[in-house]
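Enquirer: Mind looking over this structure? Questions follow.
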Amino acid sequence: MQTSIDLRQKHSGKSSLDLTFDGRHNVNFEGVCNNAEVRPETNYHLSAWVRTQTLTTDQGVRLRLHWYSDSHHVASVETRDARGTQPWTLIELPWTAGKDIREVRVCVVRVASGKLDSQIQGSAWVDDVALIPDAAGNPRP
């Protein structure tokens with residue numbers, strides 16, 4: 001598997017993240033991440049634009065949001081995955097920060113398939129990743 005910045009494929013701006021899979025491995029990937037500060041008890045919207053080209057297997061590329069709960073236990077949620085051949089497609093997920101959550105980690109991931117002989121092949125491009133408060137960022141009632 002190879003990651004790079006692609007100046008030719010982009011949803012907006014000047015570039016996108018390019019993930020290329022060689023078809024020889026059942027990759028469990030979580031190598032591109034960013035930390036973000038969040039406000040406790042606030043509703044957020046996690047999103048990204050993803051384009052895929054002949055991306056094989058039953059597990060494609062998605063976003064994962066991690067945070068630590070009160071007990072210092074790691075919790076996470078994921079968007080749906082993108083696979084096959086798709087034009088730029090929005091993947092998104094609503095999320096609400098808990099009362100003590102102040103920092104999260106957003107990662108581009110590919111979960112290894114549980115199927116035998118499920119080597120992933122093809123490419124995915126990820127652009128415009130965002131984690132923004134809903135509406136005016138008002139805390140939930």
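Each chain in the structure tokens gets a letter, A, B, ..., in the order shown, and its residues are numbered from 1; ligands are numbered from 1 in order too.
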Going by DSSP on the backbone, which bits of chain A are strand (DSSP E or B)? Write them as a PyMOL selection string, please.
Expert: chain A and resi 2-6+16-22+29-37+42-55+61-68+74-78+82+84-96+103-110+121-133+139
Enquirer: Could the residues of range 23-81 of chain A that have an atom at most 6 Å from range 111-135 of chain A be listed as CSV, each with its closest atom pair and the distance in Å to one decimal, counting only C-alpha atoms and ordered by chain and ascending residue number?
Expert:
residue,atom,partner,partner_atom,distance
A:Gly23,CA,A:Gln121,CA,4.0
A:Arg24,CA,A:Gln119,CA,5.5
A:His25,CA,A:Gln119,CA,4.6
A:Asn26,CA,A:Gln119,CA,4.3
A:Val27,CA,A:Ala112,CA,5.4
A:Asn28,CA,A:Ala112,CA,4.4
A:Asn43,CA,A:Asp134,CA,5.6
A:Tyr44,CA,A:Pro133,CA,4.2
A:His45,CA,A:Ile132,CA,5.4
A:Leu46,CA,A:Leu131,CA,4.4
A:Ser47,CA,A:Ala130,CA,5.3
A:Ala48,CA,A:Val129,CA,4.2
A:Trp49,CA,A:Asp127,CA,5.2
A:Val50,CA,A:Val126,CA,4.6
A:Arg51,CA,A:Trp125,CA,5.1
A:Thr52,CA,A:Ala124,CA,4.3
A:Gln53,CA,A:Ser123,CA,5.2
A:Thr54,CA,A:Gly122,CA,5.0
A:Leu55,CA,A:Gly122,CA,4.2
A:Thr56,CA,A:Ile120,CA,5.4
A:Thr57,CA,A:Ile120,CA,5.7
A:Gln59,CA,A:Ser113,CA,5.8
Enquirer: Considering only C-alpha atoms, return as a list in words whatever protein or nucleic-acid residues lie within 8 Å of Val32 in chain A, sequence-local ones (same chain, fewer than 2 positions apart) excluded.
Expert: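 Contacts, with the query itself left out: Glu30, Asn34, Cys107, Val108 and Val109 of chain A.
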Enquirer: Mind giving me the straight-line distance from CA of Glu103 in chain A to CA of Arg64 in chain A in Å, one decimal?
Expert: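 So the answer is 14.0 Å.
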Enquirer: Tell me which of A:Val61, A:Arg83, A:Val77, A:Tyr68 sits closest to Arg110 in chain A, counting only C-alpha atoms.
Expert: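 Of A:Val61, A:Arg83, A:Val77, A:Tyr68, the one nearest Arg110 in chain A, counting only C-alpha atoms, is A:Val61.
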Enquirer: So which one's closest to Arg105 in chain A, A:Ala75, A:Leu93, A:Leu19, A:Leu7? Using only C-alpha atoms, please.
Expert: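 Ranked by minimum distance to Arg105 in chain A, first place goes to A:Ala75.
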Enquirer: Which residue, A:Arg62, A:His73, A:Arg80, A:Lys99, has the smallest gap to Phe29 in chain A when you use only C-alpha atoms?
Expert: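 Using only C-alpha atoms, Phe29 in chain A sits closest to A:Arg62.
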Enquirer: Just the number, please: distance in Å from CA of Thr89 in chain A to CA of Arg8 in chain A, one decimal.
Expert: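 Pair CA of Thr89 in chain A / CA of Arg8 in chain A returns 17.1 Å.
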Enquirer: Between A:Ser15, A:Asn35, A:Thr20, A:Ser76, which has the minimum distance to Met1 in chain A (counting only C-alpha atoms)?
Expert: A:Thr20
Enquirer: May I ask which of the residues A:Thr3, A:Glu41, A:Val74, A:His11 is the closest one to Leu90 in chain A, counting only C-alpha atoms?
Expert: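 Among the listed residues, A:His11 lies closest to Leu90 in chain A.
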Enquirer: Closest to Phe21 in chain A among A:Gln9, A:Ser69, A:Gln86, A:Gln2, using only C-alpha atoms?
Expert: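 Checking each candidate against Phe21 in chain A, we get A:Gln2 as the closest.
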